[in-house]
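Structure file coords.tsv; described as TSV, C-alpha atoms.
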chain	number	residue	atom	x	y	z
T	1	MET	CA	92.52	89.62	163.02
T	2	GLU	CA	92.56	87.18	165.92
T	3	GLY	CA	93.58	87.93	169.50
T	4	ARG	CA	93.44	91.18	171.43
T	5	ARG	CA	92.73	94.49	169.74
T	6	PHE	CA	95.61	96.59	168.45
T	7	CYS	CA	95.52	100.22	169.61
T	8	ILE	CA	97.15	102.98	167.54
T	9	GLY	CA	97.44	106.41	169.08
T	10	TYR	CA	97.73	109.22	166.52
T	11	ALA	CA	99.18	112.71	167.00
T	12	LEU	CA	98.32	114.86	164.00
T	13	ALA	CA	97.69	118.53	163.29
T	14	PRO	CA	93.99	119.41	162.85
T	15	LYS	CA	94.16	119.67	159.05
T	16	LYS	CA	95.99	116.35	158.71
T	17	ARG	CA	93.66	114.72	161.23
T	18	HIS	CA	90.53	115.82	159.37
T	19	SER	CA	91.83	114.58	156.00
T	20	PHE	CA	93.36	111.30	157.17
T	21	ILE	CA	91.22	110.10	160.08
T	22	GLN	CA	88.01	109.66	158.12
T	23	ASP	CA	85.07	107.56	159.30
T	24	SER	CA	85.67	105.11	156.45
T	25	LEU	CA	89.20	104.41	157.71
T	26	VAL	CA	88.24	104.22	161.39
T	27	THR	CA	85.36	101.85	160.67
T	28	LEU	CA	87.35	99.51	158.43
T	29	ALA	CA	90.27	99.39	160.84
T	30	ALA	CA	87.95	98.71	163.79
T	31	SER	CA	86.28	95.85	161.91
T	32	ARG	CA	89.69	94.20	161.65
T	33	GLY	CA	90.66	94.68	165.28
T	34	VAL	CA	92.58	97.97	165.02
T	35	ASP	CA	91.48	100.96	167.10
T	36	LEU	CA	92.59	104.48	166.14
T	37	VAL	CA	92.69	106.73	169.20
T	38	ARG	CA	93.48	110.43	169.18
T	39	ILE	CA	96.40	111.55	171.36
T	40	ASP	CA	95.83	114.78	173.26
T	41	THR	CA	99.08	116.64	172.58
T	42	ASP	CA	98.32	119.06	175.42
T	43	ARG	CA	98.69	116.20	177.91
T	44	PRO	CA	101.75	114.03	178.64
T	45	LEU	CA	101.92	111.05	176.31
T	46	LEU	CA	102.67	108.64	179.17
T	47	ASP	CA	99.39	109.60	180.84
T	48	GLN	CA	97.46	108.27	177.86
T	49	GLY	CA	96.97	104.89	176.24
T	50	PRO	CA	97.95	102.13	176.47
T	51	PHE	CA	99.12	102.23	172.85
T	52	ASP	CA	100.63	99.44	170.77
T	53	CYS	CA	101.75	101.98	168.19
T	54	ILE	CA	102.23	105.75	167.87
T	55	LEU	CA	101.33	107.28	164.50
T	56	HIS	CA	102.51	110.88	164.35
T	57	LYS	CA	103.31	113.95	162.31
T	58	PHE	CA	104.17	116.22	165.19
T	59	TYR	CA	107.56	117.79	165.82
T	60	GLY	CA	109.55	119.65	168.45
T	61	GLU	CA	112.05	118.93	171.20
T	62	ASP	CA	109.34	118.31	173.80
T	63	TRP	CA	107.60	115.81	171.54
T	64	ARG	CA	110.88	113.99	170.87
T	65	LYS	CA	111.41	113.70	174.60
T	66	GLN	CA	107.93	112.30	175.11
T	67	LEU	CA	108.48	109.72	172.39
T	68	MET	CA	111.78	108.75	174.00
T	69	GLU	CA	110.12	108.28	177.37
T	70	PHE	CA	107.27	106.33	175.79
T	71	ARG	CA	109.70	104.03	173.99
T	72	VAL	CA	111.64	103.32	177.16
T	73	LYS	CA	108.44	102.47	179.04
T	74	ASN	CA	106.99	100.51	176.11
T	75	PRO	CA	109.92	98.70	174.43
T	76	ASN	CA	107.64	96.48	172.31
T	77	ALA	CA	105.54	99.34	170.92
T	78	PHE	CA	106.06	100.80	167.46
T	79	ILE	CA	106.60	104.45	166.56
T	80	LEU	CA	105.77	105.51	163.01
T	81	ASP	CA	108.26	106.87	162.23
T	82	SER	CA	111.46	107.82	164.05
T	83	PRO	CA	111.94	111.62	164.41
T	84	ASP	CA	115.58	111.19	163.38
T	85	SER	CA	114.54	109.58	160.11
T	86	ILE	CA	111.77	112.09	159.43
T	87	GLU	CA	114.08	115.03	160.10
T	88	ARG	CA	116.13	114.27	157.01
T	89	LEU	CA	113.15	115.25	154.86
T	90	HIS	CA	112.92	118.70	156.46
T	91	ASN	CA	115.91	119.90	154.46
T	92	ARG	CA	115.62	119.88	150.67
T	93	ILE	CA	119.32	119.13	150.23
T	94	SER	CA	119.58	116.17	152.60
T	95	MET	CA	116.17	115.04	151.34
T	96	LEU	CA	117.42	114.23	147.85
T	97	GLN	CA	120.93	113.17	148.83
T	98	VAL	CA	119.62	109.69	149.53
T	99	VAL	CA	118.47	109.41	145.90
T	100	SER	CA	122.04	109.85	144.69
T	101	GLU	CA	123.13	107.03	146.96
T	102	LEU	CA	120.65	104.47	145.62
T	103	LYS	CA	121.94	101.62	143.49
T	104	ILE	CA	119.27	100.01	141.31
T	105	ASP	CA	120.12	97.72	138.40
T	106	ASN	CA	117.80	98.56	135.51
T	107	PRO	CA	119.08	98.47	131.90
T	108	ASP	CA	116.05	100.24	130.42
T	109	GLU	CA	115.41	103.22	132.74
T	110	SER	CA	117.61	105.54	134.78
T	111	PHE	CA	116.91	108.00	137.59
T	112	GLY	CA	118.51	110.83	139.50
T	113	ILE	CA	117.79	114.37	140.69
T	114	PRO	CA	117.84	117.71	138.84
T	115	LYS	CA	120.89	119.96	139.10
T	116	GLN	CA	120.48	122.16	142.16
T	117	ILE	CA	122.33	124.53	144.47
T	118	VAL	CA	121.55	125.95	147.89
T	119	ILE	CA	121.68	129.71	148.47
T	120	TYR	CA	122.04	130.94	152.05
T	121	ASP	CA	122.32	134.71	151.50
T	122	LYS	CA	121.58	137.51	149.01
T	123	GLU	CA	125.25	137.96	148.12
T	124	THR	CA	125.54	134.39	146.85
T	125	LEU	CA	122.20	134.75	145.09
T	126	PHE	CA	123.68	137.37	142.75
T	127	ASP	CA	127.06	135.66	142.38
T	128	ARG	CA	127.16	134.36	138.80
T	129	GLN	CA	129.98	131.97	139.67
T	130	ALA	CA	127.75	130.23	142.20
T	131	TRP	CA	125.40	129.45	139.33
T	132	GLU	CA	127.98	127.75	137.18
T	133	GLY	CA	126.41	124.74	135.50
T	134	LEU	CA	122.84	125.78	136.36
T	135	LYS	CA	120.62	127.16	133.57
T	136	PHE	CA	117.36	129.10	133.60
T	137	PRO	CA	114.56	128.54	134.22
T	138	VAL	CA	115.00	127.32	137.79
T	139	ILE	CA	112.52	126.50	140.53
T	140	ALA	CA	113.19	128.32	143.80
T	141	LYS	CA	112.14	126.35	146.86
T	142	PRO	CA	112.53	127.14	150.59
T	143	LEU	CA	115.39	125.15	152.09
T	144	VAL	CA	113.14	124.09	154.96
T	145	ALA	CA	110.52	121.51	153.97
T	146	ASP	CA	108.58	121.00	157.19
T	147	GLY	CA	105.09	120.83	155.68
T	148	SER	CA	104.17	124.36	156.69
T	149	ALA	CA	102.43	126.71	154.24
T	150	LYS	CA	105.65	128.74	153.99
T	151	SER	CA	107.68	125.70	152.96
T	152	HIS	CA	105.36	125.14	149.99
T	153	LYS	CA	105.86	128.64	148.54
T	154	MET	CA	107.84	128.18	145.34
T	155	ALA	CA	108.59	130.15	142.19
T	156	LEU	CA	109.58	129.39	138.62
T	157	VAL	CA	112.37	131.89	137.87
T	158	PHE	CA	113.10	132.77	134.25
T	159	ASN	CA	116.16	135.06	134.50
T	160	HIS	CA	118.53	136.95	136.82
T	161	ASP	CA	116.42	140.12	136.75
T	162	CYS	CA	113.89	138.84	139.29
T	163	LEU	CA	116.29	137.23	141.78
T	164	ASN	CA	115.81	140.15	144.17
T	165	LYS	CA	112.29	138.85	144.80
T	166	LEU	CA	113.65	135.67	146.37
T	167	LYS	CA	114.40	135.26	150.07
T	168	PRO	CA	117.26	132.93	151.06
T	169	PRO	CA	117.87	130.35	152.34
T	170	ILE	CA	116.52	128.67	149.24
T	171	VAL	CA	117.25	125.78	146.92
T	172	LEU	CA	117.47	126.55	143.22
T	173	GLN	CA	116.59	123.49	141.16
T	174	GLU	CA	117.01	123.45	137.41
T	175	PHE	CA	113.66	123.16	135.65
T	176	VAL	CA	113.44	120.15	133.35
T	177	ASN	CA	110.77	119.90	130.65
T	178	HIS	CA	108.64	116.91	131.58
T	179	GLY	CA	105.50	117.06	129.45
T	180	GLY	CA	103.44	118.87	132.08
T	181	VAL	CA	102.94	115.68	134.11
T	182	ILE	CA	104.26	114.66	137.50
T	183	PHE	CA	104.12	111.16	138.98
T	184	LYS	CA	103.38	110.88	142.68
T	185	VAL	CA	104.49	107.63	144.26
T	186	TYR	CA	102.85	106.73	147.57
T	187	VAL	CA	104.59	104.31	149.92
T	188	VAL	CA	102.92	102.53	152.85
T	189	GLY	CA	105.31	99.92	154.18
T	190	GLN	CA	105.81	97.47	151.33
T	191	TYR	CA	102.87	98.87	149.34
T	192	VAL	CA	103.65	101.19	146.41
T	193	LYS	CA	101.12	103.16	144.36
T	194	CYS	CA	101.95	105.52	141.48
T	195	VAL	CA	99.48	108.12	140.20
T	196	LYS	CA	99.87	110.92	137.66
T	197	ARG	CA	98.96	114.57	138.13
T	198	LYS	CA	99.08	117.74	136.05
T	199	SER	CA	102.20	119.82	136.50
T	200	LEU	CA	103.96	122.90	135.17
T	201	PRO	CA	103.98	122.96	131.36
T	202	ASP	CA	107.16	122.70	129.34
T	203	GLU	CA	109.11	125.92	128.73
T	204	PRO	CA	110.54	126.05	125.18
T	205	GLU	CA	114.11	127.36	125.31
T	206	ALA	CA	113.43	129.83	122.49
T	207	LYS	CA	110.89	131.67	124.66
T	208	LEU	CA	112.94	132.00	127.83
T	209	GLY	CA	114.66	135.23	126.81
T	210	ASN	CA	111.30	136.94	126.26
T	211	VAL	CA	109.80	136.06	129.64
T	212	ASP	CA	109.96	138.59	132.45
T	213	GLY	CA	109.41	138.05	136.14
T	214	LEU	CA	108.63	134.80	137.85
T	215	LEU	CA	105.71	132.46	138.38
T	216	SER	CA	104.78	131.87	142.01
T	217	PHE	CA	102.94	128.72	143.08
T	218	SER	CA	102.47	126.52	146.12
T	219	GLN	CA	102.82	122.96	144.84
T	220	VAL	CA	103.82	121.73	141.41
T	221	SER	CA	100.97	119.21	141.29
T	222	ASN	CA	98.28	121.48	142.77
T	223	MET	CA	98.36	124.75	140.86
T	224	THR	CA	95.07	126.64	140.81
T	225	PRO	CA	93.77	129.08	138.15
T	226	ARG	CA	94.65	132.03	140.38
T	227	GLU	CA	98.28	130.92	140.42
T	228	LYS	CA	98.63	130.91	136.62
T	229	ILE	CA	99.91	133.95	134.83
T	230	ASP	CA	98.58	133.22	131.33
T	231	ASP	CA	97.45	130.46	129.00
T	232	LYS	CA	100.90	128.90	128.65
T	233	HIS	CA	100.81	127.94	132.33
T	234	TYR	CA	97.59	125.97	132.10
T	235	MET	CA	98.10	122.30	132.81
T	236	MET	CA	98.46	119.74	130.03
T	237	GLN	CA	96.19	116.73	129.62
T	238	LEU	CA	97.02	113.48	131.38
T	239	ASP	CA	95.14	111.01	129.20
T	240	ASP	CA	97.95	110.19	126.77
T	241	THR	CA	100.74	110.14	129.32
T	242	GLU	CA	102.33	106.74	129.82
T	243	MET	CA	103.00	105.68	133.39
T	244	PRO	CA	106.57	104.73	134.35
T	245	PRO	CA	107.16	100.96	134.69
T	246	LEU	CA	105.69	99.86	138.02
T	247	SER	CA	108.59	97.51	138.76
T	248	PHE	CA	111.06	100.38	138.25
T	249	VAL	CA	109.11	102.73	140.52
T	250	THR	CA	108.71	99.99	143.13
T	251	ASP	CA	112.45	99.31	143.18
T	252	ILE	CA	113.11	103.02	143.80
T	253	ALA	CA	110.43	103.18	146.51
T	254	ARG	CA	111.80	100.19	148.39
T	255	GLY	CA	115.34	101.47	148.03
T	256	LEU	CA	114.35	104.83	149.49
T	257	ARG	CA	112.42	103.13	152.27
T	258	ARG	CA	115.42	101.08	153.34
T	259	SER	CA	117.83	104.00	153.06
T	260	MET	CA	115.63	106.50	154.90
T	261	ASN	CA	114.23	104.04	157.45
T	262	LEU	CA	110.71	105.33	156.81
T	263	ASN	CA	107.46	103.50	156.18
T	264	LEU	CA	105.07	106.36	155.36
T	265	PHE	CA	106.10	108.78	152.60
T	266	ASN	CA	105.69	109.71	148.96
T	267	PHE	CA	108.03	111.08	146.33
T	268	ASP	CA	107.46	113.15	143.20
T	269	VAL	CA	108.96	111.98	139.91
T	270	ILE	CA	109.13	113.60	136.48
T	271	ARG	CA	110.16	112.13	133.13
T	272	ASP	CA	112.79	114.08	131.20
T	273	SER	CA	111.20	115.09	127.88
T	274	LYS	CA	114.58	114.92	126.12
T	275	ILE	CA	115.40	111.43	127.40
T	276	GLY	CA	112.18	109.45	127.70
T	277	THR	CA	113.72	106.75	129.89
T	278	ARG	CA	115.29	109.21	132.33
T	279	TYR	CA	113.35	109.99	135.52
T	280	LEU	CA	114.12	112.68	138.09
T	281	ILE	CA	113.00	112.71	141.71
T	282	ILE	CA	112.25	116.28	142.74
T	283	ASP	CA	110.67	115.99	146.20
T	284	ILE	CA	110.07	113.54	149.06
T	285	ASN	CA	107.36	114.07	151.69
T	286	TYR	CA	106.74	112.34	155.00
T	287	PHE	CA	103.19	111.13	155.75
T	288	PRO	CA	101.57	112.71	152.66
T	289	GLY	CA	97.88	113.20	151.90
T	290	TYR	CA	97.00	109.51	151.70
T	291	ALA	CA	93.28	110.29	151.50
T	292	LYS	CA	93.93	111.43	147.89
T	293	MET	CA	95.10	107.92	147.06
T	294	PRO	CA	92.27	105.66	145.78
T	295	GLY	CA	91.39	102.98	148.33
T	296	TYR	CA	93.69	104.40	150.99
T	297	GLU	CA	91.53	102.95	153.77
T	298	LYS	CA	92.29	99.35	152.83
T	299	VAL	CA	95.97	100.05	152.17
T	300	LEU	CA	96.50	101.66	155.57
T	301	THR	CA	94.36	99.09	157.38
T	302	ASP	CA	96.34	96.24	155.83
T	303	PHE	CA	99.51	97.94	157.00
T	304	PHE	CA	98.13	98.40	160.53
T	305	CYS	CA	97.18	94.72	160.63
T	306	ASP	CA	100.69	93.77	159.54
T	307	LEU	CA	101.98	95.78	162.47
T	308	ALA	CA	99.64	93.95	164.82
T	309	GLN	CA	100.82	90.60	163.46
T	310	LYS	CA	104.42	91.62	163.92
T	311	LYS	CA	103.87	92.58	167.53
T	312	GLU	CA	102.08	89.31	168.20
T	313	ALA	CA	104.96	87.42	166.60
T	314	LEU	CA	107.49	89.20	168.81
T	315	ASN	CA	105.61	87.90	171.84
T	316	ASN	CA	104.98	84.41	170.43
T	317	PRO	CA	108.02	82.52	169.07
T	318	ASP	CA	105.76	79.84	167.56
T	319	LYS	CA	104.23	82.43	165.18
T	320	LYS	CA	107.41	84.33	164.42
T	321	LYS	CA	108.29	82.21	161.38
T	322	ASP	CA	104.79	82.65	159.92
T	323	VAL	CA	105.24	86.40	159.57
T	324	GLU	CA	109.02	86.72	159.40
T	325	ASP	CA	109.30	86.91	155.61
T	326	LYS	CA	106.25	89.15	155.25
T	327	ILE	CA	106.68	91.43	158.23
T	328	VAL	CA	110.20	91.52	159.64
T	329	LEU	CA	111.81	92.72	156.43
T	330	ASP	CA	108.95	95.11	155.80
T	331	LEU	CA	109.13	96.73	159.22
T	332	GLN	CA	112.77	96.25	160.05
T	333	SER	CA	113.40	99.98	159.78
T	334	THR	CA	110.55	100.80	162.16
T	335	ASP	CA	111.82	98.37	164.75
T	336	GLN	CA	115.40	99.58	164.55
T	337	GLN	CA	114.63	103.28	164.54
T	338	THR	CA	112.08	103.27	167.35
T	339	ARG	CA	114.58	101.47	169.56
T	340	LYS	CA	117.14	104.11	168.61
T	341	ILE	CA	114.95	106.88	170.04
T	342	GLY	CA	115.37	105.52	173.53
T	343	ASN	CA	119.16	105.81	173.25
T	344	ASP	CA	119.58	109.11	171.44
T	345	GLU	CA	120.00	112.49	173.04
T	346	ILE	CA	117.24	114.98	172.34
T	347	GLY	CA	117.82	117.52	169.60
T	348	GLY	CA	119.80	115.48	167.05
T	349	GLY	CA	119.04	115.28	163.35
T	350	GLN	CA	119.56	117.67	160.48
T	351	SER	CA	120.23	121.38	160.45
T	352	VAL	CA	116.63	122.62	160.57
T	353	GLU	CA	115.92	124.18	163.95
T	354	ARG	CA	112.80	123.26	165.94
T	355	GLU	CA	110.87	125.00	168.67
T	356	LYS	CA	110.99	123.37	172.08
T	357	LYS	CA	107.25	122.92	172.21
T	358	GLY	CA	105.67	120.25	170.00
T	359	THR	CA	104.91	121.60	166.56
T	360	PRO	CA	102.21	120.11	164.35
T	361	VAL	CA	102.63	120.21	160.59
T	362	GLN	CA	99.88	122.01	158.72
T	363	ASP	CA	99.39	119.89	155.61

Could you write out this file's structure as structure tokens?
Amino acid sequence: MEGRRFCIGYALAPKKRHSFIQDSLVTLAASRGVDLVRIDTDRPLLDQGPFDCILHKFYGEDWRKQLMEFRVKNPNAFILDSPDSIERLHNRISMLQVVSELKIDNPDESFGIPKQIVIYDKETLFDRQAWEGLKFPVIAKPLVADGSAKSHKMALVFNHDCLNKLKPPIVLQEFVNHGGVIFKVYVVGQYVKCVKRKSLPDEPEAKLGNVDGLLSFSQVSNMTPREKIDDKHYMMQLDDTEMPPLSFVTDIARGLRRSMNLNLFNFDVIRDSKIGTRYLIIDINYFPGYAKMPGYEKVLTDFFCDLAQKKEALNNPDKKKDVEDKIVLDLQSTDQQTRKIGNDEIGGGQSVEREKKGTPVQD
């Protein structure tokens, strides 16, 4: 990359920092003119830098205010991504609402979300009418999806008898047999990568009436032997599982990216065993564990270099056309949303409350 070096300041929780900011990424980025510099979240953001870009997974009213002040003082800098856009993913209802709004023309495959309801209190939890249209088994998930350990605590519920073990507010999502395989789709700007992981095994309907209790787990794609109750919950083999069409997955990824105004996220997809061309999106996560994605260093470095080119183009009209098709459409959401921060009042977003002090996400 020609010209001056491009400096990215990152604000990440310790666990995320240790997994993402690896020497292999830092070295590759530096060799291409991109410097990754840690932001000290105990010090004012404006006292640090200068930064061409802020890469963050850090929340709270104080942090939002600091980003607002930074954006006002640095109008040509990028913020990945806007707190307002990220906030939508902290609520499992608003998270998947965007999926229902997508319009993708594909005659061979279809997509959607599983049937689900939100339960705010114990009374509604035991109200059979509230469950109308929802069949067991269901997956119970915390309503808040902020990346904390608590937000990952889920349970596969087989019948009404064990509902008293659940703690609202929760989302109850109908379990769909999907061959014991989940597809994780990673998105980095315009780049899309789909991988397959082991998941919860199918639950034959004939056996549901004979199952007592519930199965607790942390993440559908990361169950450990200690989280399995018996042999039927061991993961199925991946070898024979066909991947979804890449063009189909890419269309969904780019549609979500435009709708959510986010550049760094992944989403989990399952294939309905009854309808082999029907796919269901069950979760969306901001700034996921990219280090688990093969070759993540090059993917992220390419994205960082695209950012640097975009910033150079903004300051040099002669080069704007050279990167307009490749960069402006790719990063349009970043540019729009970061500018929005400087105009918004602090504390907007979805219904999930935040502490005033900056809050890192432990994932």

Check: So what do you get for CA of Ala140 (chain T) versus CA of Lys167 (chain T), distance-wise?
Finding: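 If I compute the distance from CA of Ala140 (chain T) to CA of Lys167 (chain T), I get 9.4 Å.
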
| said: Nearest residue to Ile8 (chain T) out of T:Cys305, T:Cys194, T:Val188, T:Leu96, using only C-alpha atoms? | reply: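 Ranking T:Cys305, T:Cys194, T:Val188, T:Leu96 by distance to Ile8 (chain T), first place goes to T:Cys305.
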
Across T:Pro14, T:Pro168, T:Gly255, T:Pro244, the smallest distance to Ile182 (chain T), with all atoms listed in the file counted, is shown by T:Pro244

Task: Sel. within 8 Å of pt (102.7, 112.9, 165.6), counting all atoms listed in the file, output as a ChimeraX atom specification - done: /T:10-13,54-59,360

Go ahead and save the residues from that selection, with C-alpha atoms, as a PDB file, in the frame of the given file.
ATOM      1  CA  TYR T  10      97.730 109.220 166.520  1.00  0.00           C
ATOM      2  CA  ALA T  11      99.180 112.710 167.000  1.00  0.00           C
ATOM      3  CA  LEU T  12      98.320 114.860 164.000  1.00  0.00           C
ATOM      4  CA  ALA T  13      97.690 118.530 163.290  1.00  0.00           C
ATOM      5  CA  ILE T  54     102.230 105.750 167.870  1.00  0.00           C
ATOM      6  CA  LEU T  55     101.330 107.280 164.500  1.00  0.00           C
ATOM      7  CA  HIS T  56     102.510 110.880 164.350  1.00  0.00           C
ATOM      8  CA  LYS T  57     103.310 113.950 162.310  1.00  0.00           C
ATOM      9  CA  PHE T  58     104.170 116.220 165.190  1.00  0.00           C
ATOM     10  CA  TYR T  59     107.560 117.790 165.820  1.00  0.00           C
ATOM     11  CA  PRO T 360     102.210 120.110 164.350  1.00  0.00           C
TER      12      PRO T 360
END

Set the distance at 8 Å and use all atoms listed in the file: which residues neighbour region 269-272 of chain T once local chain neighbours fewer than 2 positions away are removed? I'd like the list as number ranges by chain. T: 176-179, 181-185, 267, 274-283

Between CA of Ser199 (chain T) and CA of Ile170 (chain T) lies a distance of 21.1 Å

Edge lengths and centre in Å, axis-aligned, region 139-153 of chain T plus 3 Å each side, as AutoDock Vina command-line options:
--center_x 108.9 --center_y 124.8 --center_z 148.9 --size_x 19.0 --size_y 13.9 --size_z 22.7

Min atom-atom distance to Met260 (chain T) from the set T:Ala313, T:Leu300, T:Leu102, T:Leu163, counting all atoms listed in the file, belongs to T:Leu102

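The gap separating CA of Val192 (chain T) from CA of Met95 (chain T) is 19.3 Å, in Å to one decimal.
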
| message | Could you check the closest approach to Ser216 (chain T) for each of T:Thr301, T:Ser100, T:Pro75, T:Lys141 and tell me which residue wins, using all atoms listed in the file? | response |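 That would be T:Lys141, the residue with the smallest distance to Ser216 (chain T).
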
Would you fill the gaps in region 298-309 of chain T so it has N, CA, C and O atoms, then print it as a short mmCIF file (atom, residue, chain, number, x, y, z; two decimals), keeping the file's coordinate frame?
data_model
loop_
_atom_site.label_atom_id
_atom_site.label_comp_id
_atom_site.auth_asym_id
_atom_site.auth_seq_id
_atom_site.Cartn_x
_atom_site.Cartn_y
_atom_site.Cartn_z
N LYS T 298 91.87 100.75 152.80
CA LYS T 298 92.29 99.35 152.83
C LYS T 298 93.81 99.24 152.90
O LYS T 298 94.34 98.39 153.64
N VAL T 299 94.51 100.09 152.16
CA VAL T 299 95.97 100.05 152.17
C VAL T 299 96.52 100.29 153.58
O VAL T 299 97.37 99.55 154.06
N LEU T 300 96.01 101.34 154.23
CA LEU T 300 96.50 101.66 155.57
C LEU T 300 96.06 100.61 156.59
O LEU T 300 96.83 100.25 157.49
N THR T 301 94.83 100.11 156.44
CA THR T 301 94.36 99.09 157.38
C THR T 301 95.17 97.81 157.25
O THR T 301 95.53 97.18 158.26
N ASP T 302 95.48 97.42 156.02
CA ASP T 302 96.34 96.24 155.83
C ASP T 302 97.69 96.44 156.51
O ASP T 302 98.23 95.53 157.15
N PHE T 303 98.23 97.64 156.39
CA PHE T 303 99.51 97.94 157.00
C PHE T 303 99.41 97.89 158.53
O PHE T 303 100.28 97.33 159.21
N PHE T 304 98.34 98.45 159.08
CA PHE T 304 98.13 98.40 160.53
C PHE T 304 98.02 96.96 161.01
O PHE T 304 98.55 96.59 162.08
N CYS T 305 97.33 96.12 160.24
CA CYS T 305 97.18 94.72 160.63
C CYS T 305 98.52 93.98 160.56
O CYS T 305 98.79 93.09 161.37
N ASP T 306 99.35 94.35 159.59
CA ASP T 306 100.69 93.77 159.54
C ASP T 306 101.49 94.13 160.78
O ASP T 306 102.24 93.31 161.32
N LEU T 307 101.32 95.36 161.23
CA LEU T 307 101.98 95.78 162.47
C LEU T 307 101.51 94.94 163.65
O LEU T 307 102.32 94.51 164.49
N ALA T 308 100.20 94.74 163.72
CA ALA T 308 99.64 93.95 164.82
C ALA T 308 100.18 92.53 164.80
O ALA T 308 100.50 91.95 165.85
N GLN T 309 100.28 91.96 163.59
CA GLN T 309 100.82 90.60 163.46
C GLN T 309 102.28 90.55 163.89
O GLN T 309 102.73 89.59 164.52
#
